[in-house]
Every structure is written in C-alpha cells, then in structure tokens.
file entry.cif (mmCIF, C-alpha atoms)
data_target
#
loop_
_atom_site.label_atom_id
_atom_site.label_comp_id
_atom_site.auth_asym_id
_atom_site.auth_seq_id
_atom_site.Cartn_x
_atom_site.Cartn_y
_atom_site.Cartn_z
CA ASN A 1 157.62 128.59 133.47
CA ALA A 2 160.26 128.20 130.75
CA GLY A 3 158.19 130.01 128.09
CA VAL A 4 159.16 129.12 124.51
CA THR A 5 162.24 126.93 124.14
CA GLN A 6 164.14 125.98 121.00
CA THR A 7 166.85 123.46 120.27
CA PRO A 8 169.51 123.47 119.01
CA LYS A 9 170.88 127.01 119.37
CA PHE A 10 173.33 126.57 116.52
CA GLN A 11 173.48 124.08 113.65
CA VAL A 12 175.64 123.60 110.58
CA LEU A 13 174.32 121.42 107.78
CA LYS A 14 175.61 120.35 104.42
CA THR A 15 173.50 120.86 101.32
CA GLY A 16 170.98 118.07 100.97
CA GLN A 17 170.93 117.03 104.61
CA SER A 18 167.68 117.03 106.57
CA MET A 19 167.05 118.00 110.15
CA THR A 20 164.36 119.01 112.63
CA LEU A 21 164.34 122.20 114.66
CA GLN A 22 162.57 121.67 117.94
CA CYS A 23 160.18 124.11 119.60
CA ALA A 24 158.22 123.70 122.82
CA GLN A 25 156.13 125.94 125.04
CA ASP A 26 154.76 125.33 128.52
CA MET A 27 152.11 128.09 128.58
CA ASN A 28 149.30 126.01 127.06
CA HIS A 29 149.19 128.37 124.07
CA GLU A 30 147.03 127.30 121.16
CA TYR A 31 148.79 129.33 118.46
CA MET A 32 152.39 128.59 117.47
CA SER A 33 154.42 129.72 114.52
CA TRP A 34 157.84 129.61 112.85
CA TYR A 35 159.67 132.60 111.39
CA ARG A 36 162.96 133.04 109.63
CA GLN A 37 164.99 136.20 109.92
CA ASP A 38 167.48 137.30 107.30
CA PRO A 39 169.45 140.56 107.34
CA GLY A 40 167.30 143.45 106.15
CA MET A 41 164.27 141.20 105.60
CA GLY A 42 162.58 141.36 108.96
CA LEU A 43 160.71 138.30 110.20
CA ARG A 44 158.98 136.13 107.62
CA LEU A 45 156.33 133.58 108.55
CA ILE A 46 157.07 130.01 107.45
CA HIS A 47 154.24 127.92 108.98
CA TYR A 48 151.80 128.31 111.80
CA SER A 49 149.37 126.23 113.85
CA VAL A 50 146.17 127.17 115.65
CA GLY A 51 146.04 123.99 117.69
CA ALA A 52 147.03 120.34 117.84
CA GLY A 53 146.48 118.70 114.46
CA ILE A 54 145.99 122.01 112.60
CA THR A 55 148.74 123.66 110.58
CA ASP A 56 148.89 126.07 107.66
CA GLN A 57 151.44 127.78 105.45
CA GLY A 58 152.84 131.23 105.91
CA GLU A 59 154.55 133.40 103.31
CA VAL A 60 157.74 131.31 102.80
CA PRO A 61 156.79 127.61 103.33
CA ASN A 62 158.78 125.96 100.53
CA GLY A 63 161.38 123.49 101.76
CA TYR A 64 159.88 123.19 105.25
CA ASN A 65 157.37 120.85 106.87
CA VAL A 66 155.60 121.07 110.21
CA SER A 67 153.29 118.98 112.34
CA ARG A 68 151.50 119.60 115.63
CA SER A 69 150.68 116.43 117.50
CA THR A 70 150.53 118.09 120.93
CA THR A 71 149.73 121.57 122.22
CA GLU A 72 153.27 121.92 123.59
CA ASP A 73 155.44 120.99 120.59
CA PHE A 74 155.77 122.40 117.09
CA PRO A 75 158.83 121.02 115.24
CA LEU A 76 160.06 122.42 111.93
CA ARG A 77 161.59 119.99 109.44
CA LEU A 78 164.01 120.92 106.70
CA LEU A 79 163.61 118.25 104.05
CA SER A 80 166.77 118.85 101.98
CA ALA A 81 168.80 121.77 103.21
CA ALA A 82 169.92 124.46 100.76
CA PRO A 83 172.29 127.41 101.27
CA SER A 84 169.28 129.73 100.83
CA GLN A 85 167.94 128.35 104.11
CA THR A 86 170.86 129.79 106.04
CA SER A 87 169.06 132.01 108.53
CA VAL A 88 168.01 132.52 112.12
CA TYR A 89 164.81 130.65 112.94
CA PHE A 90 162.42 131.78 115.63
CA CYS A 91 159.50 129.87 117.08
CA ALA A 92 156.70 131.85 118.72
CA SER A 93 153.46 131.25 120.57
CA LYS A 94 150.34 133.25 121.37
CA ALA A 95 147.80 132.89 124.12
CA GLY A 96 144.84 132.60 121.78
CA ARG A 97 144.17 131.32 118.28
CA ALA A 98 142.25 134.44 117.39
CA ILE A 99 143.53 137.93 116.80
CA GLY A 100 144.58 140.42 119.46
CA TYR A 101 146.92 138.35 121.64
CA GLU A 102 150.56 139.01 122.51
CA GLN A 103 153.10 136.77 120.82
CA TYR A 104 156.22 135.48 122.57
CA PHE A 105 159.37 134.33 120.79
CA GLY A 106 161.83 131.59 121.61
CA PRO A 107 165.59 132.32 121.72
CA GLY A 108 166.17 131.24 118.11
CA THR A 109 168.23 128.70 116.19
CA ARG A 110 171.06 129.94 114.01
CA LEU A 111 171.35 127.63 110.99
CA THR A 112 174.15 127.61 108.44
CA VAL A 113 173.93 125.47 105.31
CA THR A 114 177.19 124.96 103.43
CA GLN B 1 151.87 142.11 102.21
CA GLN B 2 154.49 143.44 104.58
CA PRO B 3 153.81 146.66 106.54
CA VAL B 4 156.23 149.49 105.84
CA GLN B 5 158.24 151.07 108.64
CA SER B 6 159.89 154.48 108.68
CA PRO B 7 162.50 155.65 109.23
CA GLN B 8 164.87 152.77 108.54
CA ALA B 9 167.32 154.04 111.16
CA VAL B 10 167.42 156.64 113.93
CA ILE B 11 170.37 157.94 115.94
CA LEU B 12 169.67 159.72 119.22
CA ARG B 13 171.44 161.06 122.26
CA GLU B 14 170.19 160.04 125.68
CA GLY B 15 167.11 162.01 126.65
CA GLU B 16 165.97 162.71 123.10
CA ASP B 17 162.66 161.56 121.66
CA ALA B 18 161.90 159.44 118.61
CA VAL B 19 158.89 158.33 116.62
CA ILE B 20 158.74 155.15 114.55
CA ASN B 21 155.95 154.70 112.04
CA CYS B 22 154.26 151.60 110.64
CA SER B 23 151.90 151.65 107.69
CA SER B 24 149.84 148.92 106.01
CA SER B 25 147.81 148.74 102.82
CA LYS B 26 145.36 146.28 104.44
CA ALA B 27 142.55 146.79 106.93
CA LEU B 28 144.03 145.97 110.32
CA TYR B 29 142.67 144.56 113.54
CA SER B 30 145.77 145.11 115.60
CA VAL B 31 149.34 146.37 115.56
CA HIS B 32 152.07 144.83 117.69
CA TRP B 33 155.43 146.37 118.54
CA TYR B 34 158.60 144.45 119.37
CA ARG B 35 162.19 145.37 120.18
CA GLN B 36 165.12 143.12 119.29
CA LYS B 37 168.65 143.50 120.53
CA HIS B 38 171.55 142.10 118.55
CA GLY B 39 171.73 138.31 118.76
CA GLU B 40 168.56 138.03 120.81
CA ALA B 41 164.90 137.22 120.19
CA PRO B 42 162.30 139.93 119.62
CA VAL B 43 160.65 141.05 122.85
CA PHE B 44 156.99 142.07 123.01
CA LEU B 45 156.44 145.75 123.85
CA MET B 46 152.88 146.64 123.06
CA ILE B 47 149.71 145.70 121.24
CA LEU B 48 147.11 148.15 119.96
CA LEU B 49 143.70 146.81 119.08
CA LYS B 50 141.01 148.13 116.82
CA GLY B 51 138.62 150.04 118.98
CA GLY B 52 141.30 151.66 121.09
CA GLU B 53 142.37 149.02 123.59
CA GLN B 54 146.09 149.09 124.31
CA LYS B 55 148.19 146.59 126.25
CA GLY B 56 151.86 146.60 127.04
CA HIS B 57 154.83 148.62 128.13
CA GLU B 58 154.42 151.36 130.73
CA LYS B 59 157.15 153.73 129.52
CA ILE B 60 156.57 153.47 125.79
CA SER B 61 153.43 154.75 124.12
CA ALA B 62 151.90 154.21 120.73
CA SER B 63 148.95 155.18 118.61
CA PHE B 64 146.85 153.35 116.04
CA ASN B 65 144.94 155.20 113.35
CA GLU B 66 142.40 152.63 112.15
CA LYS B 67 141.21 154.71 109.23
CA LYS B 68 144.70 155.18 107.80
CA GLN B 69 146.00 151.71 108.86
CA GLN B 70 148.94 153.40 110.51
CA SER B 71 150.61 153.11 113.88
CA SER B 72 153.33 155.16 115.56
CA LEU B 73 155.60 154.20 118.44
CA TYR B 74 156.71 157.07 120.68
CA LEU B 75 159.98 156.74 122.58
CA THR B 76 160.40 159.65 124.97
CA ALA B 77 163.43 160.60 127.05
CA SER B 78 165.40 157.79 125.43
CA GLN B 79 167.79 155.67 127.45
CA LEU B 80 170.79 153.65 126.31
CA SER B 81 168.72 150.51 126.88
CA TYR B 82 166.29 151.60 124.15
CA SER B 83 168.87 150.78 121.47
CA GLY B 84 167.88 147.93 119.20
CA THR B 85 165.75 147.13 116.18
CA TYR B 86 162.05 147.87 116.45
CA PHE B 87 159.53 145.83 114.49
CA CYS B 88 155.85 146.35 113.99
CA GLY B 89 153.66 143.34 113.34
CA THR B 90 150.16 143.59 111.95
CA GLU B 91 147.11 141.34 112.15
CA ASP B 92 144.61 141.66 109.33
CA ALA B 93 140.99 142.35 110.04
CA GLY B 94 139.93 139.46 107.80
CA GLY B 95 138.10 136.61 109.51
CA THR B 96 140.40 133.83 108.30
CA SER B 97 143.71 135.35 109.38
CA TYR B 98 143.84 133.23 112.56
CA GLY B 99 145.99 135.87 114.18
CA LYS B 100 148.89 135.68 111.73
CA LEU B 101 151.42 138.42 112.36
CA THR B 102 153.14 140.04 109.40
CA PHE B 103 156.22 142.05 110.30
CA GLY B 104 157.76 145.18 108.88
CA GLN B 105 161.42 145.33 107.90
CA GLY B 106 162.48 146.97 111.15
CA THR B 107 163.83 150.33 112.36
CA ILE B 108 167.30 150.44 113.87
CA LEU B 109 167.44 152.77 116.88
CA THR B 110 170.81 153.77 118.33
CA VAL B 111 171.05 155.82 121.50
CA HIS B 112 174.41 157.44 122.36
CA PRO B 113 175.46 158.81 125.75
#
call {"tool": "encode", "arguments": {"input": "entry.cif", "output": "structure tokens"}}
result
Amino acid sequence: NAGVTQTPKFQVLKTGQSMTLQCAQDMNHEYMSWYRQDPGMGLRLIHYSVGAGITDQGEVPNGYNVSRSTTEDFPLRLLSAAPSQTSVYFCASKAGRAIGYEQYFGPGTRLTVT
Amino acid sequence: QQPVQSPQAVILREGEDAVINCSSSKALYSVHWYRQKHGEAPVFLMILLKGGEQKGHEKISASFNEKKQQSSLYLTASQLSYSGTYFCGTEDAGGTSYGKLTFGQGTILTVHP
C-alpha cells in the first residue's frame, strides 16, 4: 500500500510555462484534494473531488485546473505559471466523501517559478 | 474562513506540557489535528467529531467544545519528537461542505532537551 504518491518532488518552471503535478492513491478513497502551502499561510485548498468525474473549487483555484477521470488519479494543471505560484503543493485523500474521515497527505511537490 | 490557532509558537523543555487551541467562527462538525515536521508532509494525529467521538493518537489528547466551536490539543510530558508545526483543520457542519478541510495557520512547537 503506497498511500498517496506525488510526482515530481521538485520542479522549476519559467513564467508562462505549463505543467501537470501528478497525484495518485491506492486506497480506493473517494475524496481527493490539492493544497498549497506558503510560509506563514498554513494549508490552502485549491481544488477537491468527491469522486471520479466530480470536482469543485477550493479557496484559491485561480490559475489551476483539475480533472478526475479515475478514482486513483487527481492531477493538478498549472495553465501559465506565475512567480506567485511558487509554493509547496500537497495532494491528500480521505476515506469517505462525507465529513468525519481522516485525511492523508502525499509527500508534496516543491515548485519554483522564475 | 480559516480557523484561528493560538499560540503561534511554543517552546518547551522535555517533560513539560503544552496546550494548543483552535477556534472557528462557523458551526463545526469535526476538528482534525495534524503535525508537520520541517520539509515533510502533515501527518494525521486525531479527529474529534460532533457528538463526542474521537479517533486517533494514543498519547495525545484533545477536546472539542461544540457550543464554542473550539478545540484544544493537549501534549503532556513532551518528547523531542513532538517538535514540529501543529495544524488544526475544521469541517463545517453545513450539508454541502463535502468534507472540505480548512486549516489554521499553524502553531510551531519546539521541545528542547
């Protein structure tokens, strides 16, 4: 059981480039989400999904797209990278789509946009 | 709206106790607690549900005051391994929240020998 995996671990982009951060989980969890973490800002929700084919926005969705074609995968796409998107990105999954379930985080992707 | 944690930082010696508080302005269904060490992902510690159910860590305890929308994490007889940043995450009691977790800004705990 690998849990939640993310690739790549580190990435450097130039302003305007696009890329996809990968996230996968092997626990058959319905609920998956993406957070960004900036110093002193805690964890802020970007997008989340309650199941294959269902996604919704979190508190900071601008500049990011997501899709959920399978239960296992939840990629995050940066459309046109900006220096303000320099951050550490965490993917997470929960055992149920409803409230009251533990959430598990992936190891994170550290992204720098120059 | 983000829950508010206090204090922002705590410094302890091994064996001392600490309390970290988390407060929300919204009606809550649950409060989650996580610990994050530098350069690592947050690790689940505990979840407290409305109605009193509690799941999680054996050596760390917490409380959830549903009327005040407040939770406290109690770290007793601290060990060096307790050092890290502690986050609370809250789930709203609203029916359309779909289990979204909103996190506080974190409390940095440092334990010295």
call {"tool": "atom_distance", "arguments": {"input": "entry.cif", "atom1": "CA of Ser49 (chain A)", "atom2": "CA of Pro42 (chain B)"}}
result
19.7 Å
call {"tool": "atom_distance", "arguments": {"input": "entry.cif", "atom1": "CA of Val31 (chain B)", "atom2": "CA of Tyr104 (chain A)"}}
result
14.7 Å
call {"tool": "atom_distance", "arguments": {"input": "entry.cif", "atom1": "CA of Met19 (chain A)", "atom2": "CA of Thr102 (chain B)"}}
result
26.1 Å
call {"tool": "closest_residue", "arguments": {"input": "entry.cif", "among": "B:Val111, B:Leu28, B:Ala18, B:Leu12", "to": "Ser61 (chain B)", "atoms": "all atoms listed in the file"}}
result
B:Ala18
call {"tool": "interface_residues", "arguments": {"input": "entry.cif", "of": "chain A", "to": "chain B", "cutoff": "12 Å", "atoms": "only C-alpha atoms", "output": "VMD selection string"}}
result
chain A and resid 4 to 6 9 30 to 51 54 to 60 88 to 110
call {"tool": "resolve_selection", "arguments": {"input": "entry.cif", "expression": "the PyMOL selection byres ((chain A and resi 82) around 7)", "output": "PyMOL selection string"}}
result
chain A and resi 15-16+80-81+83-85+113
call {"tool": "residues_near_point", "arguments": {"input": "entry.cif", "point": "(157.1, 129.4, 130.6)", "cutoff": "8 Å", "atoms": "only C-alpha atoms", "output": "list in words"}}
result
Asn1, Ala2, Gly3, Val4, Gln25, Asp26 and Met27 of chain A
call {"tool": "resolve_selection", "arguments": {"input": "entry.cif", "expression": "the PyMOL selection byres ((chain A and resi 53) around 6)", "output": "list in words"}}
result
Ala52, Ile54, Arg68 and Ser69 of chain A
call {"tool": "write_last_selection", "arguments": {"input": "entry.cif", "atoms": "C-alpha atoms", "output": "PDB file, in the coordinates of the input"}}
result
ATOM      1  CA  ALA A  52     147.030 120.340 117.840  1.00  0.00           C
ATOM      2  CA  ILE A  54     145.990 122.010 112.600  1.00  0.00           C
ATOM      3  CA  ARG A  68     151.500 119.600 115.630  1.00  0.00           C
ATOM      4  CA  SER A  69     150.680 116.430 117.500  1.00  0.00           C
TER       5      SER A  69
END
call {"tool": "closest_residue", "arguments": {"input": "entry.cif", "among": "B:Ser23, B:Pro7, B:Gly84, B:Asp17", "to": "Gln70 (chain B)", "atoms": "only C-alpha atoms"}}
result
B:Ser23
call {"tool": "residues_around", "arguments": {"input": "entry.cif", "residues": "Tyr82 (chain B)", "least_positions_apart": "5", "cutoff": "12 Å", "atoms": "only C-alpha atoms", "output": "list of chain:residue names"}}
result
B:Val10, B:Ile11, B:Leu12, B:Arg13, B:Glu14, B:Gly15, B:Glu16, B:Asp17, B:Ala18, B:Tyr34, B:Arg35, B:Gln36, B:Lys37, B:Leu45, B:Lys59, B:Ile60, B:Tyr74, B:Leu75, B:Thr76, B:Ala77, B:Ile108, B:Leu109, B:Thr110, B:Val111, B:His112, B:Pro113
call {"tool": "resolve_selection", "arguments": {"input": "entry.cif", "expression": "the PyMOL selection byres ((chain B and resi 73) around 6)", "output": "list in words"}}
result
Val19, Ile20, Ala62, Ser72 and Tyr74 of chain B
